[in-house]
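Content type mmCIF, C-alpha atoms, from the file input31.cif:
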data_query
#
loop_
_atom_site.label_atom_id
_atom_site.label_comp_id
_atom_site.auth_asym_id
_atom_site.auth_seq_id
_atom_site.Cartn_x
_atom_site.Cartn_y
_atom_site.Cartn_z
CA MET X 65 155.31 31.83 113.65
CA ALA X 66 153.03 29.98 115.93
CA ASP X 67 152.41 26.44 114.71
CA ASN X 68 148.71 26.88 114.07
CA THR X 69 148.72 30.09 112.08
CA PHE X 70 149.22 31.14 108.50
CA MET X 71 149.78 34.44 106.75
CA LEU X 72 146.74 36.36 105.52
CA GLU X 73 147.32 39.13 103.03
CA ILE X 74 144.56 41.33 101.73
CA VAL X 75 145.69 43.27 98.72
CA THR X 76 143.79 45.98 96.84
CA PRO X 77 145.04 48.05 93.90
CA GLU X 78 145.66 50.98 96.19
CA GLU X 79 147.24 49.33 99.23
CA ILE X 80 147.99 46.22 101.22
CA LEU X 81 145.11 46.41 103.65
CA TYR X 82 146.14 43.58 105.92
CA LYS X 83 149.17 41.35 106.31
CA GLU X 84 149.25 39.40 109.56
CA GLU X 85 149.32 35.90 110.97
CA VAL X 86 145.88 34.43 111.51
CA GLN X 87 144.52 31.15 112.88
CA PHE X 88 141.52 30.83 110.69
CA MET X 89 139.81 32.52 107.80
CA VAL X 90 136.44 32.19 106.10
CA ALA X 91 136.14 33.66 102.62
CA PRO X 92 132.96 34.25 100.55
CA ALA X 93 133.69 32.19 97.44
CA THR X 94 131.31 32.20 94.50
CA GLU X 95 130.36 28.62 95.34
CA GLY X 96 129.70 29.35 98.99
CA GLU X 97 131.83 30.20 101.99
CA PHE X 98 134.90 28.17 102.72
CA GLY X 99 137.34 28.11 105.58
CA VAL X 100 141.12 27.99 105.53
CA LEU X 101 143.35 26.65 108.29
CA ARG X 102 147.09 26.15 108.40
CA ASN X 103 148.50 23.70 105.82
CA HIS X 104 145.63 24.14 103.43
CA ALA X 105 146.13 22.61 99.99
CA PRO X 106 147.15 25.04 97.23
CA LEU X 107 143.97 26.69 96.01
CA VAL X 108 142.76 29.49 93.81
CA ALA X 109 139.14 30.48 94.35
CA ALA X 110 136.97 33.24 92.94
CA LEU X 111 135.30 35.42 95.57
CA LYS X 112 132.04 37.27 95.42
CA ILE X 113 131.02 40.49 97.12
CA GLY X 114 130.75 39.67 100.80
CA VAL X 115 132.39 39.45 104.18
CA LEU X 116 135.67 37.76 104.95
CA ARG X 117 136.19 36.67 108.55
CA TYR X 118 139.41 35.77 110.28
CA LYS X 119 140.66 34.93 113.75
CA ASP X 120 143.92 36.45 114.91
CA PRO X 121 146.41 34.34 116.94
CA VAL X 122 144.76 35.50 120.20
CA GLY X 123 141.41 34.20 118.99
CA ASP X 124 139.61 37.49 118.34
CA GLU X 125 137.42 37.51 115.29
CA TYR X 126 137.39 40.33 112.74
CA ARG X 127 135.47 41.02 109.56
CA ILE X 128 136.47 42.65 106.32
CA ALA X 129 134.06 43.68 103.57
CA ILE X 130 135.40 42.80 100.14
CA SER X 131 134.02 43.49 96.68
CA GLY X 132 134.84 40.26 94.92
CA GLY X 133 138.14 39.11 93.51
CA PHE X 134 140.00 35.93 94.26
CA VAL X 135 142.10 34.23 96.88
CA GLU X 136 145.22 32.23 96.35
CA VAL X 137 146.40 29.87 99.06
CA VAL X 138 149.88 28.35 98.84
CA ASP X 139 152.63 27.53 101.35
CA ASN X 140 150.63 28.86 104.29
CA VAL X 141 150.08 32.22 102.68
CA ALA X 142 146.53 33.20 101.78
CA ARG X 143 146.56 36.16 99.49
CA VAL X 144 143.22 37.82 98.80
CA LEU X 145 143.00 40.16 95.84
CA ALA X 146 139.98 42.43 95.86
CA GLU X 147 139.20 45.67 94.09
CA THR X 148 138.11 47.19 97.38
CA ALA X 149 138.36 45.95 100.96
CA GLU X 150 137.49 47.61 104.25
CA HIS X 151 137.96 46.67 107.89
CA GLY X 152 134.61 46.24 109.59
CA GLN X 153 135.46 48.58 112.43
CA ASN X 154 136.33 51.38 109.97
CA ILE X 155 133.08 51.27 108.07
CA ASP X 156 130.82 54.27 108.29
CA ILE X 157 127.50 52.60 109.11
CA LEU X 158 125.38 55.63 108.30
CA ARG X 159 126.89 55.92 104.88
CA ALA X 160 126.54 52.23 104.19
CA LYS X 161 122.89 52.40 105.24
CA ALA X 162 122.28 55.39 103.02
CA SER X 163 123.79 53.65 100.04
CA LYS X 164 121.79 50.51 100.76
CA GLU X 165 118.58 52.53 100.79
CA ARG X 166 119.58 54.35 97.63
CA ALA X 167 120.24 51.05 95.85
CA GLU X 168 116.94 49.59 97.08
CA ARG X 169 115.06 52.66 95.93
CA ARG X 170 116.67 52.40 92.50
CA LEU X 171 115.79 48.75 92.22
CA SER X 172 112.17 49.32 93.19
CA GLN X 173 111.59 52.11 90.67
CA ARG X 174 111.11 50.36 87.38
CA ASP X 175 112.90 53.02 85.42
CA ASP X 176 114.66 52.36 82.13
CA ASN X 177 117.34 54.90 82.85
CA ILE X 178 118.68 52.84 85.70
CA ASN X 179 121.38 50.31 85.23
CA TYR X 180 120.02 47.33 87.12
CA SER X 181 123.11 45.24 87.40
CA ARG X 182 124.91 48.28 88.73
CA ALA X 183 122.28 49.01 91.33
CA LYS X 184 122.27 45.35 92.36
CA MET X 185 126.02 45.32 92.79
CA SER X 186 125.81 48.49 94.80
CA LEU X 187 123.16 46.90 97.03
CA GLN X 188 125.31 43.81 97.57
CA ARG X 189 128.31 45.93 98.40
CA SER X 190 126.45 48.00 100.97
CA LEU X 191 124.98 44.85 102.53
CA ALA X 192 128.46 43.35 102.80
CA ARG X 193 129.74 46.51 104.39
CA LEU X 194 126.90 46.58 106.91
CA LYS X 195 127.49 42.93 107.79
CA ALA X 196 131.19 43.52 108.18
CA ALA X 197 130.45 46.43 110.48
CA GLY X 198 128.40 44.07 112.66
CA GLU X 199 124.97 45.43 111.81
CA LYS X 200 121.99 43.11 111.66
CA VAL X 201 120.84 42.84 108.07
CA ASP X 202 117.74 41.02 106.98
CA MET S 124 166.75 112.36 83.76
CA ALA S 125 169.47 109.85 84.62
CA GLY S 126 167.21 107.77 86.90
CA ALA S 127 164.54 107.08 84.29
CA GLY S 128 166.34 104.24 82.42
CA VAL S 129 167.57 102.66 85.62
CA ARG S 130 164.14 102.73 87.18
CA GLU S 131 162.67 100.96 84.16
CA TYR S 132 165.24 98.16 84.51
CA LYS S 133 164.63 97.89 88.23
CA ARG S 134 160.95 97.42 87.57
CA ARG S 135 161.58 94.69 85.03
CA ILE S 136 164.03 92.87 87.29
CA ARG S 137 161.48 92.91 90.08
CA SER S 138 158.84 91.48 87.78
CA VAL S 139 161.10 88.66 86.57
CA LYS S 140 162.03 87.92 90.18
CA ASN S 141 158.38 87.51 91.06
CA THR S 142 157.93 85.09 88.21
CA GLN S 143 161.00 83.21 89.31
CA GLN S 144 159.60 82.83 92.79
CA ILE S 145 156.41 81.35 91.37
CA THR S 146 158.21 78.89 89.12
CA LYS S 147 160.47 77.88 92.00
CA ALA S 148 157.47 77.20 94.20
CA MET S 149 155.78 75.25 91.41
CA LYS S 150 158.89 73.14 91.01
CA MET S 151 158.90 72.31 94.68
CA VAL S 152 155.20 71.47 94.68
CA ALA S 153 155.72 69.20 91.67
CA ALA S 154 158.60 67.46 93.46
CA ALA S 155 156.39 66.75 96.47
CA LYS S 156 153.56 65.52 94.24
CA LEU S 157 155.98 63.35 92.30
CA ARG S 158 157.07 61.64 95.49
CA ARG S 159 153.46 61.00 96.42
CA ALA S 160 152.65 59.66 92.94
CA GLN S 161 155.62 57.33 93.13
CA ALA S 162 154.54 56.06 96.52
CA ARG S 163 151.09 55.30 95.12
CA ALA S 164 152.59 53.49 92.17
CA GLU S 165 154.73 51.51 94.58
CA SER S 166 151.77 50.47 96.71
CA SER S 167 149.85 49.27 93.66
CA ARG S 168 152.61 46.85 92.74
CA PRO S 169 151.65 43.85 94.94
CA TYR S 170 148.16 43.80 93.46
CA THR S 171 149.29 44.10 89.85
CA GLU S 172 152.03 41.53 90.25
CA THR S 173 149.84 38.95 91.96
CA LEU S 174 147.06 39.48 89.45
CA THR S 175 149.43 39.16 86.49
CA GLY S 176 151.12 36.10 87.98
CA THR S 177 147.86 34.30 88.72
CA LEU S 178 146.46 35.17 85.32
CA ALA S 179 149.55 33.76 83.63
CA ARG S 180 149.22 30.54 85.60
CA LEU S 181 145.51 30.28 84.88
CA ALA S 182 146.10 30.90 81.19
CA GLY S 183 148.58 28.03 81.23
CA VAL S 184 145.99 25.69 82.72
CA ALA S 185 142.94 26.95 80.84
CA TYR S 186 144.62 27.54 77.49
CA ASP S 187 141.56 26.70 75.40
CA VAL S 188 139.28 29.17 77.12
CA THR S 189 137.33 31.60 74.95
CA HIS S 190 136.16 35.04 75.92
CA PRO S 191 135.20 38.04 73.78
CA LEU S 192 138.09 40.02 75.24
CA LEU S 193 140.59 37.43 74.08
CA GLU S 194 139.31 36.98 70.54
CA LYS S 195 141.07 38.59 67.63
CA ARG S 196 138.57 39.99 65.15
CA GLU S 197 138.68 39.32 61.45
CA ASP S 198 137.03 42.56 60.38
CA ILE S 199 138.51 45.53 62.10
CA LEU S 200 136.58 48.71 61.50
CA LYS S 201 137.36 51.02 64.36
CA ILE S 202 140.34 51.35 66.65
CA GLY S 203 140.10 52.89 70.10
CA TYR S 204 142.88 54.94 71.64
CA ILE S 205 142.91 55.62 75.36
CA VAL S 206 145.00 58.76 75.66
CA ILE S 207 146.28 59.63 79.10
CA THR S 208 147.32 63.27 79.38
CA SER S 209 147.32 65.86 82.14
CA ASP S 210 144.52 68.23 83.07
CA ARG S 211 146.83 71.18 83.43
CA GLY S 212 149.62 72.67 81.37
CA LEU S 213 152.97 74.09 82.43
CA CYS S 214 154.58 70.71 82.19
CA GLY S 215 156.86 71.24 79.21
CA ALA S 216 156.44 68.95 76.22
CA TYR S 217 154.72 66.25 78.29
CA ASN S 218 151.33 66.44 76.58
CA THR S 219 152.72 67.39 73.17
CA ASN S 220 154.86 64.26 73.09
CA ILE S 221 151.97 62.00 74.00
CA LEU S 222 149.61 63.59 71.48
CA ARG S 223 152.24 63.41 68.76
CA LEU S 224 152.62 59.70 69.42
CA VAL S 225 148.87 59.25 69.06
CA THR S 226 148.62 61.19 65.80
CA THR S 227 151.60 59.38 64.27
CA ALA S 228 150.22 56.02 65.43
CA ILE S 229 146.92 56.83 63.72
CA ALA S 230 148.66 58.10 60.58
CA GLU S 231 151.08 55.18 60.37
CA ASP S 232 148.52 52.51 61.04
CA GLY S 233 148.03 52.31 57.29
CA ARG S 234 144.75 50.43 57.47
CA ASP S 235 142.87 53.70 57.09
CA LEU S 236 140.32 52.83 59.75
CA GLU S 237 138.08 54.90 61.86
CA SER S 238 139.57 55.83 65.20
CA GLY S 239 137.85 56.56 68.48
CA ILE S 240 139.53 58.64 71.14
CA ILE S 241 138.95 57.95 74.82
CA ALA S 242 140.48 61.01 76.40
CA VAL S 243 141.74 60.79 79.96
CA GLY S 244 142.84 64.26 80.98
CA ARG S 245 141.75 67.65 79.73
CA LYS S 246 144.73 68.39 77.48
CA GLY S 247 144.13 65.35 75.33
CA ARG S 248 140.41 66.02 75.19
CA ASP S 249 140.89 69.63 74.08
CA PHE S 250 143.37 68.54 71.44
CA PHE S 251 141.11 65.94 69.88
CA ARG S 252 137.99 68.03 70.21
CA LYS S 253 139.47 70.32 67.59
CA ARG S 254 140.26 67.34 65.37
CA GLY S 255 137.15 65.29 64.91
CA GLY S 256 136.05 64.88 68.49
CA VAL S 257 136.34 62.34 71.26
CA ASP S 258 134.26 59.23 71.92
CA ALA S 259 134.47 59.51 75.67
CA GLU S 260 136.21 61.74 78.14
CA PHE S 261 137.39 61.33 81.70
CA VAL S 262 138.67 64.67 82.90
CA ASN S 263 139.41 66.54 86.12
CA LEU S 264 140.37 63.35 87.91
CA GLY S 265 142.72 65.23 90.19
CA ASP S 266 146.24 64.52 91.35
CA LYS S 267 145.24 61.46 93.29
CA VAL S 268 144.78 58.60 90.86
CA ASN S 269 141.86 56.43 91.98
CA TYR S 270 141.36 52.82 91.10
CA ALA S 271 137.64 53.56 90.82
CA ASP S 272 138.35 55.95 87.93
CA ALA S 273 140.50 53.36 86.18
CA LYS S 274 137.72 50.84 86.59
CA GLU S 275 135.19 53.20 85.08
CA ILE S 276 137.39 53.71 82.04
CA ALA S 277 137.94 49.95 81.78
CA ASP S 278 134.19 49.32 81.99
CA TYR S 279 133.55 51.81 79.21
CA VAL S 280 136.20 50.30 76.94
CA ILE S 281 135.19 46.70 77.62
CA ASN S 282 131.59 47.56 76.96
CA ALA S 283 132.42 49.31 73.69
CA TYR S 284 134.62 46.38 72.68
CA GLU S 285 132.02 43.77 73.47
CA ASN S 286 129.37 45.73 71.57
CA GLU S 287 131.76 45.81 68.61
CA GLU S 288 131.91 49.60 68.62
CA LEU S 289 135.67 49.18 68.89
CA ASP S 290 137.64 46.29 67.42
CA GLU S 291 141.06 47.02 68.89
CA VAL S 292 142.08 49.24 71.76
CA TYR S 293 145.42 50.88 72.42
CA LEU S 294 146.63 52.64 75.52
CA ILE S 295 148.92 55.65 75.25
CA TYR S 296 150.66 57.13 78.26
CA ALA S 297 154.03 58.47 79.33
CA LYS S 298 156.17 55.86 81.00
CA PHE S 299 158.05 57.23 83.95
CA ILE S 300 161.80 56.62 83.78
CA ASN S 301 162.97 59.37 86.14
CA ALA S 302 162.17 63.00 86.86
CA LEU S 303 164.03 64.06 83.73
CA ARG S 304 162.86 61.35 81.38
CA GLN S 305 159.36 60.27 80.46
CA VAL S 306 158.83 58.09 77.42
CA PRO S 307 155.48 58.18 75.60
CA THR S 308 154.41 54.57 75.15
CA ILE S 309 151.70 52.82 73.17
CA THR S 310 150.47 49.33 74.03
CA LYS S 311 147.64 47.24 72.73
CA ILE S 312 145.24 46.26 75.48
CA LEU S 313 142.36 44.72 73.52
CA PRO S 314 142.08 42.04 72.33
CA LEU S 315 143.77 40.97 75.49
CA GLU S 316 146.90 38.94 75.40
CA THR S 317 147.15 37.02 78.62
CA PRO S 318 150.51 37.33 80.32
CA THR S 319 152.65 34.25 79.99
CA GLU S 320 154.89 32.69 82.53
CA GLU S 321 157.66 30.23 82.10
CA GLU S 322 156.85 27.57 84.57
CA THR S 323 159.76 25.39 85.59
CA GLU S 324 159.23 21.93 87.00
CA GLU S 325 160.36 22.79 90.50
CA HIS S 326 158.01 25.77 90.80
CA TYR S 327 155.09 23.80 89.60
CA VAL S 328 152.27 23.72 92.15
CA ASP S 329 149.14 21.75 91.61
CA TYR S 330 146.36 24.13 92.57
CA LEU S 331 142.76 23.39 93.23
CA TYR S 332 140.54 25.77 91.32
CA GLU S 333 137.16 26.86 92.56
CA PRO S 334 134.89 26.90 90.62
CA SER S 335 137.29 26.14 87.72
CA ALA S 336 140.40 27.63 86.20
CA GLU S 337 138.37 28.77 83.20
CA GLU S 338 135.76 30.57 85.22
CA ILE S 339 138.26 32.29 87.48
CA LEU S 340 140.20 33.37 84.42
CA LEU S 341 137.09 34.89 82.89
CA THR S 342 136.23 36.90 86.00
CA LEU S 343 139.80 38.14 86.21
CA LEU S 344 140.08 39.45 82.64
CA PRO S 345 138.10 42.68 83.17
CA LYS S 346 140.01 43.26 86.41
CA TYR S 347 143.22 42.81 84.52
CA VAL S 348 142.20 45.45 81.97
CA ALA S 349 141.37 47.83 84.82
CA SER S 350 144.68 47.18 86.52
CA VAL S 351 146.62 47.83 83.31
CA ILE S 352 144.80 51.15 82.88
CA TYR S 353 145.30 52.00 86.55
CA HIS S 354 148.99 51.32 86.22
CA ALA S 355 149.24 53.54 83.13
CA MET S 356 147.40 56.34 84.94
CA LEU S 357 149.81 56.12 87.86
CA GLU S 358 152.81 56.17 85.53
CA GLY S 359 151.28 59.08 83.65
CA LYS S 360 150.75 61.03 86.86
CA ALA S 361 154.34 60.48 88.01
CA SER S 362 155.56 61.48 84.55
CA GLU S 363 153.41 64.59 84.58
CA HIS S 364 154.88 65.77 87.86
CA GLY S 365 158.38 64.88 86.69
CA ALA S 366 157.85 66.92 83.53
CA THR S 367 156.42 69.85 85.53
CA MET S 368 159.41 69.72 87.83
CA THR S 369 161.86 69.84 84.94
CA ALA S 370 159.93 72.55 83.10
CA MET S 371 159.68 74.73 86.19
CA GLY S 372 163.35 74.11 87.04
CA ASN S 373 164.29 75.33 83.57
CA ALA S 374 161.98 78.31 83.90
CA THR S 375 163.57 79.25 87.21
CA GLN S 376 167.01 78.99 85.64
CA ASN S 377 165.98 81.09 82.65
CA ALA S 378 164.54 83.72 84.94
CA GLY S 379 167.89 83.80 86.77
CA GLU S 380 169.70 84.38 83.47
CA ILE S 381 167.31 87.17 82.50
CA ILE S 382 167.83 88.80 85.89
CA ASP S 383 171.61 88.61 85.48
CA ASN S 384 171.44 90.17 82.02
CA LEU S 385 169.06 92.90 83.12
CA THR S 386 171.22 93.68 86.14
CA LEU S 387 174.27 93.97 83.90
CA VAL S 388 172.49 96.29 81.47
CA MET S 389 171.05 98.30 84.36
CA ASN S 390 174.49 98.81 85.85
CA LYS S 391 175.85 99.87 82.48
CA VAL S 392 173.04 102.39 82.09
CA ARG S 393 173.67 103.70 85.58
CA GLN S 394 177.42 103.97 84.92
CA ALA S 395 176.74 105.77 81.66
CA ALA S 396 174.39 108.16 83.43
CA ILE S 397 177.00 108.90 86.09
CA THR S 398 179.70 109.40 83.46
CA ASP S 399 177.36 111.76 81.63
CA GLU S 400 176.75 113.73 84.79
CA ILE S 401 180.46 113.97 85.56
CA LEU S 402 181.10 115.15 82.03
CA ASP S 403 178.35 117.72 82.44
CA ILE S 404 179.81 118.98 85.68
CA VAL S 405 183.34 119.05 84.33
CA GLY S 406 182.11 120.79 81.20
CA GLY S 407 180.14 123.29 83.25
CA ALA S 408 183.07 124.03 85.56
CA GLU S 409 185.34 124.47 82.55
CA ALA S 410 182.88 126.89 81.00
CA LEU S 411 182.66 128.88 84.25
CA ASN S 412 186.44 129.01 84.49
CA LYS S 413 186.69 130.30 80.92
CA GLY S 414 183.88 132.81 81.54
CA GLY S 415 185.60 134.05 84.73
CA LYS S 416 188.74 134.99 82.93
#
Translate this structure into structure tokens?
Amino acid sequence: MADNTFMLEIVTPEEILYKEEVQFMVAPATEGEFGVLRNHAPLVAALKIGVLRYKDPVGDEYRIAISGGFVEVVDNVARVLAETAEHGQNIDILRAKASKERAERRLSQRDDNINYSRAKMSLQRSLARLKAAGEKVD
Amino acid sequence: MAGAGVREYKRRIRSVKNTQQITKAMKMVAAAKLRRAQARAESSRPYTETLTGTLARLAGVAYDVTHPLLEKREDILKIGYIVITSDRGLCGAYNTNILRLVTTAIAEDGRDLESGIIAVGRKGRDFFRKRGGVDAEFVNLGDKVNYADAKEIADYVINAYENEELDEVYLIYAKFINALRQVPTITKILPLETPTEEETEEHYVDYLYEPSAEEILLTLLPKYVASVIYHAMLEGKASEHGATMTAMGNATQNAGEIIDNLTLVMNKVRQAAITDEILDIVGGAEALNKGGK
């Protein structure tokens, strides 16, 4: 283990998406983004739908879209639990765009049959996925 | 004349052999699916364990937290049962055992309350449709258990619970022991009892909580319900394939026995026919000899 890294684990119900040494991580907590470096104090934080960034030991930066959950940091292991998580480079941009447009359309039609909170969540998720994939989102 | 009986047996043996081939193939398919289901269950473990562990720790810190999902109700009017069965048959007593557990649980409850069935899997739905109907159904979910499906079921149940349509919820599924043994199990999932953890002094870590232990705990409760349901669905799927494997193994064996019996009878019939023919010939020759004199 290099002396400036810690272990980042991203765990979803279906798999362990990521388990590697990283230098640095920024997670989208409900109270705003926060960064973690080696020797962080023990912490449990709730996460919202958004993008998690990390830097691998070489210094390359990567993004992962996560759909909320929490992160637990202890003894130089940061374990992120999320219901879904996706590597930015694996995200299908066209699909994410389509689902963003679908969610926006649903939100703009003032229809009683539509579950608003659901459509909003879906919009947030597709925005997070687009951001993780490196697309410019307004 | 002699061939007729033998031919009939040959035909039947061939037919049983065909069936045997099918059951053998189904057994092998079930074995492969069982392995896959077990691998999925295995890969869900880190999530479930971390979630349960964190929840236990949070519950220790935020012990006075209140949430609708944690509250025991005074007046219980309706009990929900989430029944996890298979979509398809040919898996022995798998579904029967689960459904029997549900009906006895309802009968033995003794409080004489209304019960609502949340059927996961077609077999359970069909069963309860004939007996008073189902409140909700989640069928044709396929062999691959998805977390998204579990979440949808959890959302439905949580919603019904919070709207006081249900006052207690139980989960019934077959626990997977091994390919030969699956135990139908019933557990109460709502109101939620947070997992507990015995925290020893040396393991004690003073965490920072953001925003607060209470708030994190509250956001985790619905996820915990979903993960419990997901786990049960994975166990159920593994059990289903285990039961199919056993049932098809037995069927293959039975077919083998039937083939052996039929072959034995067929040979006897053939022998008898040959003996008859010999007797005929001998008799005929005898008669000729006598006539020639």
Next on the checklist: Under the PyMOL selection byres ((chain X) within 12 of (chain S)), which residues of this model are included? Write them out as a PyMOL selection string.
Outcome noted: chain X and resi 73-81+83+92-98+104-112+131-139+142-148+182
Checklist entry - Care to translate the PyMOL selection byres ((chain X and resi 123) around 12) into actual residues of this file, as a PyMOL selection string? => result chain X and resi 68-69+85-89+117-122+124-126
Next on the checklist: With the PyMOL selection byres ((chain S and resi 240-253) around 6) as the selection, what would be picked from this file? Answer as number ranges by chain, please.
Outcome noted: S: 203-210, 239, 254, 256-262
Would you write out those residues with C-alpha atoms, as a short mmCIF file (atom, residue, chain, number, x, y, z; two decimals), in the coordinates of the input?
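Produced file selection35.cif, reproduced below:
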data_model
loop_
_atom_site.label_atom_id
_atom_site.label_comp_id
_atom_site.auth_asym_id
_atom_site.auth_seq_id
_atom_site.Cartn_x
_atom_site.Cartn_y
_atom_site.Cartn_z
CA GLY S 203 140.10 52.89 70.10
CA TYR S 204 142.88 54.94 71.64
CA ILE S 205 142.91 55.62 75.36
CA VAL S 206 145.00 58.76 75.66
CA ILE S 207 146.28 59.63 79.10
CA THR S 208 147.32 63.27 79.38
CA SER S 209 147.32 65.86 82.14
CA ASP S 210 144.52 68.23 83.07
CA GLY S 239 137.85 56.56 68.48
CA ARG S 254 140.26 67.34 65.37
CA GLY S 256 136.05 64.88 68.49
CA VAL S 257 136.34 62.34 71.26
CA ASP S 258 134.26 59.23 71.92
CA ALA S 259 134.47 59.51 75.67
CA GLU S 260 136.21 61.74 78.14
CA PHE S 261 137.39 61.33 81.70
CA VAL S 262 138.67 64.67 82.90
#
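What separates atom CA of X:Lys195 from atom CA of X:Leu101 is a distance of 22.7 Å.
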Item to check | Atom pair atom CA of S:Lys156 / atom CA of S:His364: separation (Å) | outcome: 6.5 Å
Next on the checklist: If I take atom CA of S:Arg135 and atom CA of S:Lys391, how far is one from the other in Å, to one decimal?
Outcome noted: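 It comes out at 15.4 Å.
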Please identify all polymer residues within 9 Å of X:Val115, counting only C-alpha atoms, omitting same-chain residues fewer than 2 positions from it, and present them as a compact mmCIF listing (two decimals) with C-alpha atoms, in the coordinates of the input.
# COMPACT_ATOMS: atom_id res chain seq x y z
CA VAL X 90 136.44 32.19 106.10
CA ALA X 91 136.14 33.66 102.62
CA PRO X 92 132.96 34.25 100.55
CA ILE X 113 131.02 40.49 97.12
CA ARG X 117 136.19 36.67 108.55
CA ARG X 127 135.47 41.02 109.56
CA ILE X 128 136.47 42.65 106.32
CA ALA X 129 134.06 43.68 103.57
CA ILE X 130 135.40 42.80 100.14
CA SER X 131 134.02 43.49 96.68
CA GLY X 152 134.61 46.24 109.59
CA ALA X 192 128.46 43.35 102.80
CA ARG X 193 129.74 46.51 104.39
CA LYS X 195 127.49 42.93 107.79
CA ALA X 196 131.19 43.52 108.18
Checklist entry - What lies within 12 Å of X:Leu158 using only C-alpha atoms, ignoring chain neighbours under 6 positions off, as a ChimeraX atom specification? => result /X:164-165,190,193-194,197,199
Next on the checklist: So that I can check the surroundings of stretch 217-232 of chain S, please list as a PyMOL selection string every protein, DNA and RNA residue that reaches within 6 Å of it, counting only C-alpha atoms and ignoring chain neighbours fewer than 2 positions away.
Outcome noted: chain S and resi 208+214-215+234+307
Print the selection's residues with C-alpha atoms to a file, as a PDB file, in the frame of the given file.
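The result, stored in result-v3.pdb:
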ATOM      1  CA  THR S 208     147.320  63.270  79.380  1.00  0.00           C
ATOM      2  CA  CYS S 214     154.580  70.710  82.190  1.00  0.00           C
ATOM      3  CA  GLY S 215     156.860  71.240  79.210  1.00  0.00           C
ATOM      4  CA  ARG S 234     144.750  50.430  57.470  1.00  0.00           C
ATOM      5  CA  PRO S 307     155.480  58.180  75.600  1.00  0.00           C
TER       6      PRO S 307
END
Item to check | Surrounding residues of X:Val141 excluding itself and chain neighbours under 5 positions, 7 Å, all atoms listed in the file, as number ranges by chain | outcome: X: 70-72
Item to check | Of the listed residues S:Gly365, S:Pro191, S:Pro345, S:Gly265, that which approaches S:Tyr284 most closely, counting only C-alpha atoms | outcome: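 For S:Tyr284, the nearest of the given residues is S:Pro191.
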Using 4 Å of padding on each side, determine the axis-aligned box around all atoms of stretch 135-141 of chain X present in the file and give its centre and edge lengths in Å to one decimal, as JSON.
{"center_x": 147.4, "center_y": 30.9, "center_z": 100.3, "size_x": 18.5, "size_y": 14.7, "size_z": 15.9}
For stretch 153-164 of chain X, supply N, CA and C atoms and report the output as a PDB file, in the frame of the given file.
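And here's selection.pdb as it stands now:
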ATOM      1  N   GLN X 153     135.527  47.521 111.416  1.00  0.00           N
ATOM      2  CA  GLN X 153     135.460  48.580 112.430  1.00  0.00           C
ATOM      3  C   GLN X 153     135.641  49.978 111.833  1.00  0.00           C
ATOM      4  N   ASN X 154     136.129  50.065 110.585  1.00  0.00           N
ATOM      5  CA  ASN X 154     136.330  51.380 109.970  1.00  0.00           C
ATOM      6  C   ASN X 154     135.162  51.814 109.100  1.00  0.00           C
ATOM      7  N   ILE X 155     134.164  50.952 108.992  1.00  0.00           N
ATOM      8  CA  ILE X 155     133.080  51.270 108.070  1.00  0.00           C
ATOM      9  C   ILE X 155     132.119  52.269 108.674  1.00  0.00           C
ATOM     10  N   ASP X 156     131.772  53.255 107.878  1.00  0.00           N
ATOM     11  CA  ASP X 156     130.820  54.270 108.290  1.00  0.00           C
ATOM     12  C   ASP X 156     129.412  53.698 108.082  1.00  0.00           C
ATOM     13  N   ILE X 157     128.775  53.305 109.213  1.00  0.00           N
ATOM     14  CA  ILE X 157     127.500  52.600 109.110  1.00  0.00           C
ATOM     15  C   ILE X 157     126.419  53.461 108.484  1.00  0.00           C
ATOM     16  N   LEU X 158     126.418  54.742 108.842  1.00  0.00           N
ATOM     17  CA  LEU X 158     125.380  55.630 108.300  1.00  0.00           C
ATOM     18  C   LEU X 158     125.479  55.709 106.791  1.00  0.00           C
ATOM     19  N   ARG X 159     126.707  55.817 106.317  1.00  0.00           N
ATOM     20  CA  ARG X 159     126.890  55.920 104.880  1.00  0.00           C
ATOM     21  C   ARG X 159     126.502  54.636 104.183  1.00  0.00           C
ATOM     22  N   ALA X 160     126.879  53.529 104.797  1.00  0.00           N
ATOM     23  CA  ALA X 160     126.540  52.230 104.190  1.00  0.00           C
ATOM     24  C   ALA X 160     125.031  52.062 104.133  1.00  0.00           C
ATOM     25  N   LYS X 161     124.347  52.497 105.223  1.00  0.00           N
ATOM     26  CA  LYS X 161     122.890  52.400 105.240  1.00  0.00           C
ATOM     27  C   LYS X 161     122.276  53.249 104.168  1.00  0.00           C
ATOM     28  N   ALA X 162     122.811  54.480 104.029  1.00  0.00           N
ATOM     29  CA  ALA X 162     122.280  55.390 103.020  1.00  0.00           C
ATOM     30  C   ALA X 162     122.444  54.796 101.637  1.00  0.00           C
ATOM     31  N   SER X 163     123.596  54.166 101.391  1.00  0.00           N
ATOM     32  CA  SER X 163     123.790  53.650 100.040  1.00  0.00           C
ATOM     33  C   SER X 163     122.957  52.403  99.805  1.00  0.00           C
ATOM     34  N   LYS X 164     122.680  51.667 100.891  1.00  0.00           N
ATOM     35  CA  LYS X 164     121.790  50.510 100.760  1.00  0.00           C
ATOM     36  C   LYS X 164     120.388  50.986 100.391  1.00  0.00           C
TER      37      LYS X 164
END
